[in-house]
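Asker: So that you have it, the file is protein-v2.pdb, and it contains PDB, C-alpha atoms:
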```pdb
ATOM      1  CA  MET A   1       0.000   0.000   0.000  1.00  0.00           C
ATOM      2  CA  GLN A   2       2.333   2.694   1.275  1.00  0.00           C
ATOM      3  CA  SER A   3       5.463   3.188  -0.832  1.00  0.00           C
ATOM      4  CA  GLY A   4       8.660   4.303   0.876  1.00  0.00           C
ATOM      5  CA  ASN A   5       8.575   7.839  -0.537  1.00  0.00           C
ATOM      6  CA  MET A   6       4.856   8.384  -0.023  1.00  0.00           C
ATOM      7  CA  LYS A   7       4.383  11.023   2.630  1.00  0.00           C
ATOM      8  CA  LYS A   8       1.606  11.158   5.190  1.00  0.00           C
ATOM      9  CA  ILE A   9      -1.548  13.285   5.349  1.00  0.00           C
ATOM     10  CA  LEU A  10      -2.186  15.530   8.364  1.00  0.00           C
ATOM     11  CA  ILE A  11      -5.799  16.075   9.460  1.00  0.00           C
ATOM     12  CA  VAL A  12      -6.540  19.055  11.726  1.00  0.00           C
ATOM     13  CA  LEU A  13      -9.400  18.762  14.243  1.00  0.00           C
ATOM     14  CA  THR A  14     -10.904  21.180  16.768  1.00  0.00           C
ATOM     15  CA  ASN A  15     -10.671  21.079  20.580  1.00  0.00           C
ATOM     16  CA  THR A  16     -13.644  23.457  21.035  1.00  0.00           C
ATOM     17  CA  ILE A  17     -16.437  21.917  23.116  1.00  0.00           C
ATOM     18  CA  ASN A  18     -19.107  24.644  23.010  1.00  0.00           C
ATOM     19  CA  TYR A  19     -20.162  27.636  20.961  1.00  0.00           C
ATOM     20  CA  GLY A  20     -18.428  30.734  22.320  1.00  0.00           C
ATOM     21  CA  GLY A  21     -20.444  32.463  25.023  1.00  0.00           C
ATOM     22  CA  THR A  22     -22.985  29.615  25.287  1.00  0.00           C
ATOM     23  CA  ASN A  23     -23.339  26.151  26.779  1.00  0.00           C
ATOM     24  CA  ASP A  24     -24.437  24.676  23.451  1.00  0.00           C
ATOM     25  CA  PRO A  25     -22.168  21.781  22.475  1.00  0.00           C
ATOM     26  CA  THR A  26     -20.171  21.808  19.262  1.00  0.00           C
ATOM     27  CA  GLY A  27     -16.933  20.241  18.048  1.00  0.00           C
ATOM     28  CA  LEU A  28     -15.768  18.232  15.035  1.00  0.00           C
ATOM     29  CA  TRP A  29     -18.324  17.420  12.336  1.00  0.00           C
ATOM     30  CA  LEU A  30     -17.621  13.692  12.308  1.00  0.00           C
ATOM     31  CA  GLY A  31     -18.194  12.906   8.639  1.00  0.00           C
ATOM     32  CA  GLU A  32     -15.820  15.659   7.514  1.00  0.00           C
ATOM     33  CA  ALA A  33     -12.956  13.767   9.159  1.00  0.00           C
ATOM     34  CA  THR A  34     -14.018  10.164   8.552  1.00  0.00           C
ATOM     35  CA  GLU A  35     -15.115  10.467   4.910  1.00  0.00           C
ATOM     36  CA  PHE A  36     -11.886  12.221   3.975  1.00  0.00           C
ATOM     37  CA  ALA A  37      -9.685   9.875   6.017  1.00  0.00           C
ATOM     38  CA  LEU A  38     -11.312   6.758   4.588  1.00  0.00           C
ATOM     39  CA  ILE A  39     -10.618   7.784   0.989  1.00  0.00           C
ATOM     40  CA  MET A  40      -7.013   8.735   1.806  1.00  0.00           C
ATOM     41  CA  GLN A  41      -6.399   5.416   3.570  1.00  0.00           C
ATOM     42  CA  GLN A  42      -7.952   3.461   0.710  1.00  0.00           C
ATOM     43  CA  ALA A  43      -5.501   5.258  -1.603  1.00  0.00           C
ATOM     44  CA  GLY A  44      -2.644   3.979   0.575  1.00  0.00           C
ATOM     45  CA  TYR A  45      -1.844   7.081   2.624  1.00  0.00           C
ATOM     46  CA  GLU A  46      -1.069   7.109   6.317  1.00  0.00           C
ATOM     47  CA  ILE A  47      -2.850   9.699   8.425  1.00  0.00           C
ATOM     48  CA  ASP A  48      -1.943  11.642  11.537  1.00  0.00           C
ATOM     49  CA  TYR A  49      -4.408  13.772  13.505  1.00  0.00           C
ATOM     50  CA  VAL A  50      -3.458  17.083  15.113  1.00  0.00           C
ATOM     51  CA  SER A  51      -5.480  19.671  17.047  1.00  0.00           C
ATOM     52  CA  PRO A  52      -4.581  23.150  18.331  1.00  0.00           C
ATOM     53  CA  LYS A  53      -3.970  21.874  21.880  1.00  0.00           C
ATOM     54  CA  GLY A  54      -3.553  18.163  21.212  1.00  0.00           C
ATOM     55  CA  GLY A  55      -5.476  15.521  23.143  1.00  0.00           C
ATOM     56  CA  PHE A  56      -9.273  15.337  23.294  1.00  0.00           C
ATOM     57  CA  VAL A  57     -11.398  16.199  20.254  1.00  0.00           C
ATOM     58  CA  PRO A  58     -15.154  16.642  20.946  1.00  0.00           C
ATOM     59  CA  LEU A  59     -17.795  15.711  18.379  1.00  0.00           C
ATOM     60  CA  ASP A  60     -20.592  18.038  17.362  1.00  0.00           C
ATOM     61  CA  PRO A  61     -23.651  16.053  18.490  1.00  0.00           C
ATOM     62  CA  ARG A  62     -25.645  17.275  15.483  1.00  0.00           C
ATOM     63  CA  SER A  63     -23.170  15.592  13.145  1.00  0.00           C
ATOM     64  CA  MET A  64     -24.199  12.189  14.510  1.00  0.00           C
ATOM     65  CA  LYS A  65     -27.536  12.558  12.714  1.00  0.00           C
ATOM     66  CA  TYR A  66     -25.705  12.228   9.398  1.00  0.00           C
ATOM     67  CA  VAL A  67     -23.801   9.052  10.197  1.00  0.00           C
ATOM     68  CA  ASP A  68     -24.129   6.187   7.718  1.00  0.00           C
ATOM     69  CA  ALA A  69     -22.709   2.655   8.096  1.00  0.00           C
ATOM     70  CA  GLU A  70     -19.410   3.644   6.492  1.00  0.00           C
ATOM     71  CA  ILE A  71     -18.861   6.601   8.839  1.00  0.00           C
ATOM     72  CA  MET A  72     -19.914   4.539  11.854  1.00  0.00           C
ATOM     73  CA  ASN A  73     -17.518   1.708  11.019  1.00  0.00           C
ATOM     74  CA  PHE A  74     -14.631   4.140  10.698  1.00  0.00           C
ATOM     75  CA  TYR A  75     -15.665   5.996  13.862  1.00  0.00           C
ATOM     76  CA  LYS A  76     -15.655   2.731  15.826  1.00  0.00           C
ATOM     77  CA  THR A  77     -12.090   1.757  14.904  1.00  0.00           C
ATOM     78  CA  ASP A  78      -9.526   1.828  17.721  1.00  0.00           C
ATOM     79  CA  ASP A  79      -7.224   3.909  15.520  1.00  0.00           C
ATOM     80  CA  PHE A  80      -9.743   6.709  15.050  1.00  0.00           C
ATOM     81  CA  GLN A  81     -11.008   6.594  18.647  1.00  0.00           C
ATOM     82  CA  LYS A  82      -7.501   6.919  20.026  1.00  0.00           C
ATOM     83  CA  GLN A  83      -5.463   8.876  17.490  1.00  0.00           C
ATOM     84  CA  ALA A  84      -8.165  11.339  16.462  1.00  0.00           C
ATOM     85  CA  LEU A  85     -10.598  11.727  19.350  1.00  0.00           C
ATOM     86  CA  THR A  86      -8.664  10.887  22.523  1.00  0.00           C
ATOM     87  CA  ALA A  87      -5.001  11.599  21.905  1.00  0.00           C
ATOM     88  CA  SER A  88      -4.652  13.837  18.871  1.00  0.00           C
ATOM     89  CA  LEU A  89      -1.148  15.209  18.409  1.00  0.00           C
ATOM     90  CA  ALA A  90      -0.207  18.754  19.411  1.00  0.00           C
ATOM     91  CA  PRO A  91       1.374  21.070  16.803  1.00  0.00           C
ATOM     92  CA  GLU A  92       4.807  20.886  18.463  1.00  0.00           C
ATOM     93  CA  GLN A  93       4.851  17.122  17.830  1.00  0.00           C
ATOM     94  CA  ILE A  94       4.532  17.636  14.066  1.00  0.00           C
ATOM     95  CA  ASN A  95       7.381  17.775  11.548  1.00  0.00           C
ATOM     96  CA  PRO A  96       5.938  19.402   8.387  1.00  0.00           C
ATOM     97  CA  GLU A  97       8.523  17.600   6.226  1.00  0.00           C
ATOM     98  CA  ASP A  98       6.680  14.315   6.867  1.00  0.00           C
ATOM     99  CA  TYR A  99       3.493  15.379   5.087  1.00  0.00           C
ATOM    100  CA  SER A 100       2.389  15.849   1.497  1.00  0.00           C
ATOM    101  CA  ALA A 101      -0.892  17.506   2.522  1.00  0.00           C
ATOM    102  CA  ILE A 102      -2.724  19.086   5.439  1.00  0.00           C
ATOM    103  CA  TYR A 103      -6.518  18.947   5.692  1.00  0.00           C
ATOM    104  CA  TYR A 104      -8.614  21.124   7.993  1.00  0.00           C
ATOM    105  CA  ALA A 105     -11.854  19.353   8.931  1.00  0.00           C
ATOM    106  CA  GLY A 106     -14.763  21.509  10.041  1.00  0.00           C
ATOM    107  CA  GLY A 107     -17.544  21.664  12.564  1.00  0.00           C
ATOM    108  CA  HIS A 108     -18.459  24.994  14.154  1.00  0.00           C
ATOM    109  CA  GLY A 109     -15.880  24.515  16.918  1.00  0.00           C
ATOM    110  CA  VAL A 110     -13.047  25.409  14.549  1.00  0.00           C
ATOM    111  CA  MET A 111     -14.304  28.998  14.358  1.00  0.00           C
ATOM    112  CA  TRP A 112     -12.820  29.572  17.806  1.00  0.00           C
ATOM    113  CA  ASP A 113      -9.536  27.650  17.775  1.00  0.00           C
ATOM    114  CA  PHE A 114      -8.349  27.457  14.145  1.00  0.00           C
ATOM    115  CA  PRO A 115      -7.979  31.073  12.910  1.00  0.00           C
ATOM    116  CA  ASN A 116      -5.286  32.312  15.288  1.00  0.00           C
ATOM    117  CA  ASN A 117      -3.251  29.168  15.903  1.00  0.00           C
ATOM    118  CA  LYS A 118       0.239  30.241  14.813  1.00  0.00           C
ATOM    119  CA  PRO A 119       1.924  26.803  15.148  1.00  0.00           C
ATOM    120  CA  LEU A 120      -0.639  25.225  12.802  1.00  0.00           C
ATOM    121  CA  GLN A 121      -0.266  28.128  10.374  1.00  0.00           C
ATOM    122  CA  SER A 122       3.506  27.556  10.276  1.00  0.00           C
ATOM    123  CA  ILE A 123       3.034  23.830   9.617  1.00  0.00           C
ATOM    124  CA  ALA A 124       0.591  24.500   6.769  1.00  0.00           C
ATOM    125  CA  ALA A 125       2.782  27.191   5.196  1.00  0.00           C
ATOM    126  CA  ARG A 126       5.791  24.853   5.294  1.00  0.00           C
ATOM    127  CA  ILE A 127       3.874  21.976   3.698  1.00  0.00           C
ATOM    128  CA  TYR A 128       2.622  24.342   0.985  1.00  0.00           C
ATOM    129  CA  GLU A 129       6.038  25.841   0.283  1.00  0.00           C
ATOM    130  CA  ASN A 130       7.501  22.329   0.140  1.00  0.00           C
ATOM    131  CA  GLY A 131       5.168  21.652  -2.791  1.00  0.00           C
ATOM    132  CA  GLY A 132       2.487  19.936  -0.729  1.00  0.00           C
ATOM    133  CA  PHE A 133      -1.248  20.650  -0.592  1.00  0.00           C
ATOM    134  CA  VAL A 134      -3.289  22.735   1.821  1.00  0.00           C
ATOM    135  CA  THR A 135      -6.897  21.564   1.923  1.00  0.00           C
ATOM    136  CA  SER A 136     -10.067  22.164   3.942  1.00  0.00           C
ATOM    137  CA  VAL A 137     -13.782  21.531   4.006  1.00  0.00           C
ATOM    138  CA  CYS A 138     -16.712  23.590   5.282  1.00  0.00           C
ATOM    139  CA  HIS A 139     -15.802  25.613   8.423  1.00  0.00           C
ATOM    140  CA  GLY A 140     -12.285  24.183   8.138  1.00  0.00           C
ATOM    141  CA  ILE A 141     -11.433  27.115   5.889  1.00  0.00           C
ATOM    142  CA  ALA A 142     -11.188  29.121   9.134  1.00  0.00           C
ATOM    143  CA  GLY A 143      -7.777  27.473   9.541  1.00  0.00           C
ATOM    144  CA  LEU A 144      -6.612  28.855   6.183  1.00  0.00           C
ATOM    145  CA  LEU A 145      -7.642  32.476   6.738  1.00  0.00           C
ATOM    146  CA  ASN A 146      -4.511  33.725   8.498  1.00  0.00           C
ATOM    147  CA  ILE A 147      -1.818  31.487   6.992  1.00  0.00           C
ATOM    148  CA  LYS A 148       0.926  33.690   5.597  1.00  0.00           C
ATOM    149  CA  LEU A 149       3.678  32.528   3.261  1.00  0.00           C
ATOM    150  CA  SER A 150       7.329  33.450   3.662  1.00  0.00           C
ATOM    151  CA  ASN A 151       6.779  36.451   1.365  1.00  0.00           C
ATOM    152  CA  GLY A 152       4.315  37.847   3.933  1.00  0.00           C
ATOM    153  CA  GLU A 153       1.275  37.333   1.695  1.00  0.00           C
ATOM    154  CA  TYR A 154      -1.871  35.512   2.787  1.00  0.00           C
ATOM    155  CA  LEU A 155      -1.916  31.997   1.352  1.00  0.00           C
ATOM    156  CA  ILE A 156      -5.485  32.459   0.084  1.00  0.00           C
ATOM    157  CA  ALA A 157      -4.933  35.915  -1.468  1.00  0.00           C
ATOM    158  CA  ASN A 158      -5.888  35.863  -5.169  1.00  0.00           C
ATOM    159  CA  GLN A 159      -6.787  32.160  -4.901  1.00  0.00           C
ATOM    160  CA  LYS A 160     -10.119  30.538  -5.668  1.00  0.00           C
ATOM    161  CA  VAL A 161     -11.480  28.988  -2.465  1.00  0.00           C
ATOM    162  CA  THR A 162     -14.760  27.795  -1.040  1.00  0.00           C
ATOM    163  CA  GLY A 163     -16.096  27.059   2.424  1.00  0.00           C
ATOM    164  CA  PHE A 164     -19.270  27.257   4.472  1.00  0.00           C
ATOM    165  CA  THR A 165     -21.140  30.191   2.965  1.00  0.00           C
ATOM    166  CA  LYS A 166     -22.938  33.033   4.652  1.00  0.00           C
ATOM    167  CA  SER A 167     -26.293  31.707   3.418  1.00  0.00           C
ATOM    168  CA  GLU A 168     -25.490  28.213   4.759  1.00  0.00           C
ATOM    169  CA  GLU A 169     -24.624  29.759   8.134  1.00  0.00           C
ATOM    170  CA  ILE A 170     -28.005  31.501   8.177  1.00  0.00           C
ATOM    171  CA  LEU A 171     -29.773  28.242   7.207  1.00  0.00           C
ATOM    172  CA  ALA A 172     -27.873  26.453  10.010  1.00  0.00           C
ATOM    173  CA  GLY A 173     -29.340  28.970  12.452  1.00  0.00           C
ATOM    174  CA  LYS A 174     -25.893  30.045  13.701  1.00  0.00           C
ATOM    175  CA  LYS A 175     -25.688  33.534  12.186  1.00  0.00           C
ATOM    176  CA  ARG A 176     -25.714  35.257  15.588  1.00  0.00           C
ATOM    177  CA  VAL A 177     -23.445  32.750  17.337  1.00  0.00           C
ATOM    178  CA  VAL A 178     -20.419  32.558  15.050  1.00  0.00           C
ATOM    179  CA  PRO A 179     -17.640  35.099  15.665  1.00  0.00           C
ATOM    180  CA  PHE A 180     -17.421  35.900  11.923  1.00  0.00           C
ATOM    181  CA  PHE A 181     -18.470  34.597   8.507  1.00  0.00           C
ATOM    182  CA  ASN A 182     -15.827  32.511   6.731  1.00  0.00           C
ATOM    183  CA  GLN A 183     -16.963  33.779   3.343  1.00  0.00           C
ATOM    184  CA  SER A 184     -16.519  37.451   4.309  1.00  0.00           C
ATOM    185  CA  ALA A 185     -13.219  36.783   6.110  1.00  0.00           C
ATOM    186  CA  ALA A 186     -11.792  34.984   3.066  1.00  0.00           C
ATOM    187  CA  GLU A 187     -12.888  37.789   0.736  1.00  0.00           C
ATOM    188  CA  ASN A 188     -11.336  40.357   3.097  1.00  0.00           C
ATOM    189  CA  ARG A 189      -7.989  38.597   2.617  1.00  0.00           C
ATOM    190  CA  GLY A 190      -8.217  38.832  -1.152  1.00  0.00           C
ATOM    191  CA  ALA A 191      -9.528  35.337  -1.893  1.00  0.00           C
ATOM    192  CA  LYS A 192     -11.925  34.684  -4.762  1.00  0.00           C
ATOM    193  CA  PHE A 193     -14.706  32.931  -2.880  1.00  0.00           C
ATOM    194  CA  MET A 194     -16.636  30.479  -5.067  1.00  0.00           C
ATOM    195  CA  LYS A 195     -19.887  28.752  -4.125  1.00  0.00           C
ATOM    196  CA  ARG A 196     -22.697  26.568  -5.339  1.00  0.00           C
ATOM    197  CA  ARG A 197     -26.243  26.016  -4.094  1.00  0.00           C
ATOM    198  CA  ALA A 198     -26.432  25.694  -0.298  1.00  0.00           C
ATOM    199  CA  TYR A 199     -25.601  22.206   0.979  1.00  0.00           C
ATOM    200  CA  SER A 200     -24.731  20.774  -2.430  1.00  0.00           C
ATOM    201  CA  GLU A 201     -21.399  18.985  -2.919  1.00  0.00           C
ATOM    202  CA  TYR A 202     -18.715  21.326  -4.243  1.00  0.00           C
ATOM    203  CA  ALA A 203     -14.920  21.258  -4.130  1.00  0.00           C
ATOM    204  CA  ILE A 204     -12.513  23.493  -5.986  1.00  0.00           C
ATOM    205  CA  GLN A 205      -8.801  23.441  -6.696  1.00  0.00           C
ATOM    206  CA  ASP A 206      -6.488  26.377  -7.306  1.00  0.00           C
ATOM    207  CA  GLY A 207      -2.899  25.186  -7.618  1.00  0.00           C
ATOM    208  CA  HIS A 208      -1.963  23.425  -4.382  1.00  0.00           C
ATOM    209  CA  LEU A 209      -5.054  24.650  -2.563  1.00  0.00           C
ATOM    210  CA  ILE A 210      -8.146  22.399  -2.466  1.00  0.00           C
ATOM    211  CA  THR A 211     -11.282  23.465  -0.584  1.00  0.00           C
ATOM    212  CA  GLY A 212     -14.814  22.108  -0.141  1.00  0.00           C
ATOM    213  CA  GLN A 213     -17.952  24.127   0.567  1.00  0.00           C
ATOM    214  CA  ASN A 214     -19.909  22.181   3.194  1.00  0.00           C
ATOM    215  CA  PRO A 215     -20.202  18.861   5.091  1.00  0.00           C
ATOM    216  CA  PHE A 216     -21.260  17.108   1.893  1.00  0.00           C
ATOM    217  CA  SER A 217     -17.994  18.003   0.143  1.00  0.00           C
ATOM    218  CA  ALA A 218     -15.395  16.064   2.177  1.00  0.00           C
ATOM    219  CA  LYS A 219     -15.259  13.142  -0.260  1.00  0.00           C
ATOM    220  CA  ALA A 220     -14.911  15.513  -3.220  1.00  0.00           C
ATOM    221  CA  VAL A 221     -11.906  17.203  -1.543  1.00  0.00           C
ATOM    222  CA  ALA A 222     -10.319  13.813  -0.819  1.00  0.00           C
ATOM    223  CA  LYS A 223     -10.807  12.588  -4.389  1.00  0.00           C
ATOM    224  CA  LEU A 224      -9.259  15.755  -5.825  1.00  0.00           C
ATOM    225  CA  LEU A 225      -6.287  15.403  -3.468  1.00  0.00           C
ATOM    226  CA  VAL A 226      -5.732  11.720  -4.341  1.00  0.00           C
ATOM    227  CA  LYS A 227      -5.837  12.592  -8.045  1.00  0.00           C
ATOM    228  CA  ASN A 228      -3.113  15.178  -7.546  1.00  0.00           C
ATOM    229  CA  LEU A 229      -0.909  13.061  -5.286  1.00  0.00           C
ATOM    230  CA  ASP A 230      -1.107  10.005  -7.548  1.00  0.00           C
TER     231      ASP A 230
END
```
What does this structure look like when you write it as structure tokens?
Answerer:
Amino acid sequence: MQSGNMKKILIVLTNTINYGGTNDPTGLWLGEATEFALIMQQAGYEIDYVSPKGGFVPLDPRSMKYVDAEIMNFYKTDDFQKQALTASLAPEQINPEDYSAIYYAGGHGVMWDFPNNKPLQSIAARIYENGGFVTSVCHGIAGLLNIKLSNGEYLIANQKVTGFTKSEEILAGKKRVVPFFNQSAAENRGAKFMKRRAYSEYAIQDGHLITGQNPFSAKAVAKLLVKNLD
């Protein structure tokens, strides 16, 4: 499966347990991690999981409503339970040289702990400047917003990207809870924000940047990445 020179894939997960300023639970949107990871593993890639603080990764309870047999089987594996949800790596344990891509999974929790995590930004910038891929789905784009390259420019400036849209946020009923809109934040950094109909599968590639719009786009991001890495 895994050839000697095939590098690993790094999946970034949130540590945020509740929506800021409330007691409402949030966390990782399960399918955004499992659907992506499954496709990468089937293509022969090894996966590591990292989170801003390392350790425990909470699940958004609402994401469990969208679990099919495939997601459930992956969720139940010892590997995923331990490496992703119980003992995710911390950024300081990561050597960017080991990875050919980084993938930011979503769930509303990321809105609070992804955007300003400097160690994760450095890892992503290094992977990108090494010729690797920076990828995200849904709210995961929050992790891309403040990545700067060694020339001081935002990674997403002048790039086509997508992520959870303003209209999807309104439909999700979280317009007043989120600290900002990913769509507006990306546009403010010079990105060309692309989108399709709310909650329809959509992934887009611009060079070594691959992004997906919503929870139904994780597989599309994974398939695009596999195509590029193969």
Asker: Let me know the residues the PyMOL selection byres ((chain A and resi 148-158) around 8) catches in the file above, as a list of chain:residue names.
Answerer: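 With the PyMOL selection byres ((chain A and resi 148-158) around 8) on this model, the match is A:Gln121, A:Ala125, A:Glu129, A:Leu144, A:Leu145, A:Asn146, A:Ile147, A:Gln159, A:Lys160, A:Val161, A:Ala186, A:Arg189, A:Gly190, A:Ala191, A:Lys192.
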Asker: May I ask which of the residues A:Asp48, A:Glu70, A:Asp60, A:Asp24 is the closest one to Ser100 in chain A, counting all atoms listed in the file?
Answerer: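 With all atoms listed in the file as the atom set, the closest residue is A:Asp48.
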Asker: Calculated over all atoms listed in the file, which of the candidates A:Ala101, A:Val57, A:Val12, A:Leu30 has the smallest distance to Lys82 in chain A?
Answerer: A:Val57
Asker: Which residues are close to Ser88 in chain A, i.e. within 7 Å by all atoms listed in the file, leaving aside same-chain residues fewer than 2 positions away? Reply as a PyMOL selection string.
Answerer: chain A and resi 49-51+54-56+83-86+90
Asker: Looking at only C-alpha atoms, which of A:Pro58, A:Pro179, A:Gly106, A:Pro96 is the one that sits closest to Gly212 in chain A?
Answerer: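 Answer, going by the shortest atom-to-atom distance: A:Gly106.
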Asker: I want to know what sits within 9 Å of Asn18 in chain A, based on all atoms listed in the file, with residues of the same chain fewer than 4 positions away left out; could you give that as a ChimeraX atom specification?
Answerer: /A:22-27,60,108-109
Asker: Starting from the shown file, work through the PyMOL selection byres ((chain A and resi 204) around 12) and note down what comes out as JSON, numbers by chain.
Answerer: {"A": [135, 136, 137, 159, 160, 161, 162, 163, 192, 193, 194, 195, 196, 201, 202, 203, 205, 206, 207, 208, 209, 210, 211, 212, 213, 214, 217, 218, 220, 221, 222, 223, 224, 225]}
Asker: Please measure the separation of CA of Arg197 in chain A and CA of Gln183 in chain A, giving the value in Å to one decimal.
Answerer: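 CA of Gln183 in chain A lies at a distance of 14.2 Å from CA of Arg197 in chain A.
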Asker: Could you write out as an MDAnalysis selection string the residues that the PyMOL selection byres ((chain A and resi 172) around 12) matches in the shown file?
Answerer: chainID A and resid 62 107:108 164:171 173:178 198:199 214:215
Asker: Which residues, written as a PyMOL selection string, have at least one atom at most 12 Å from Lys65 in chain A, with all atoms listed in the file counted and residues fewer than 6 positions away on the same chain left out?
Answerer: chain A and resi 29-31+59+71-72
Asker: How far is it from CA of Ile39 in chain A to CA of Ile127 in chain A, in Å with one decimal?
Answerer: 20.5 Å
Asker: How many Å lie between CA of Trp112 in chain A and CA of Phe180 in chain A, rounded to one decimal?
Answerer: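 CA of Phe180 in chain A lies at a distance of 9.8 Å from CA of Trp112 in chain A.
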Asker: Quick one: of A:Phe181, A:Gly21, A:Gln81, A:Leu10, who's nearest to Ala37 in chain A, counting all atoms listed in the file?
Answerer: A:Leu10
Asker: Quick one: of A:Met64, A:Leu38, A:Ala69, A:Leu89, who's nearest to Pro52 in chain A, counting only C-alpha atoms?
Answerer: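 Selected residue with least distance to Pro52 in chain A: A:Leu89.
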Asker: Check the smallest atom-to-atom distance from each of A:Leu229, A:Ala185, A:Val67, A:Ile9 to Glu35 in chain A using only C-alpha atoms, then report the winner.
Answerer: A:Val67
Asker: Give, as lines of an AutoDock Vina configuration file, the centre coordinates and the x, y and z edge lengths in Å to one decimal for an axis-aligned box around all listed atoms of range 164-182 of chain A, padded by 8 Å on each side.
Answerer:
```
center_x = -22.8
center_y = 31.2
center_z = 10.2
size_x = 29.9
size_y = 25.4
size_z = 30.4
```
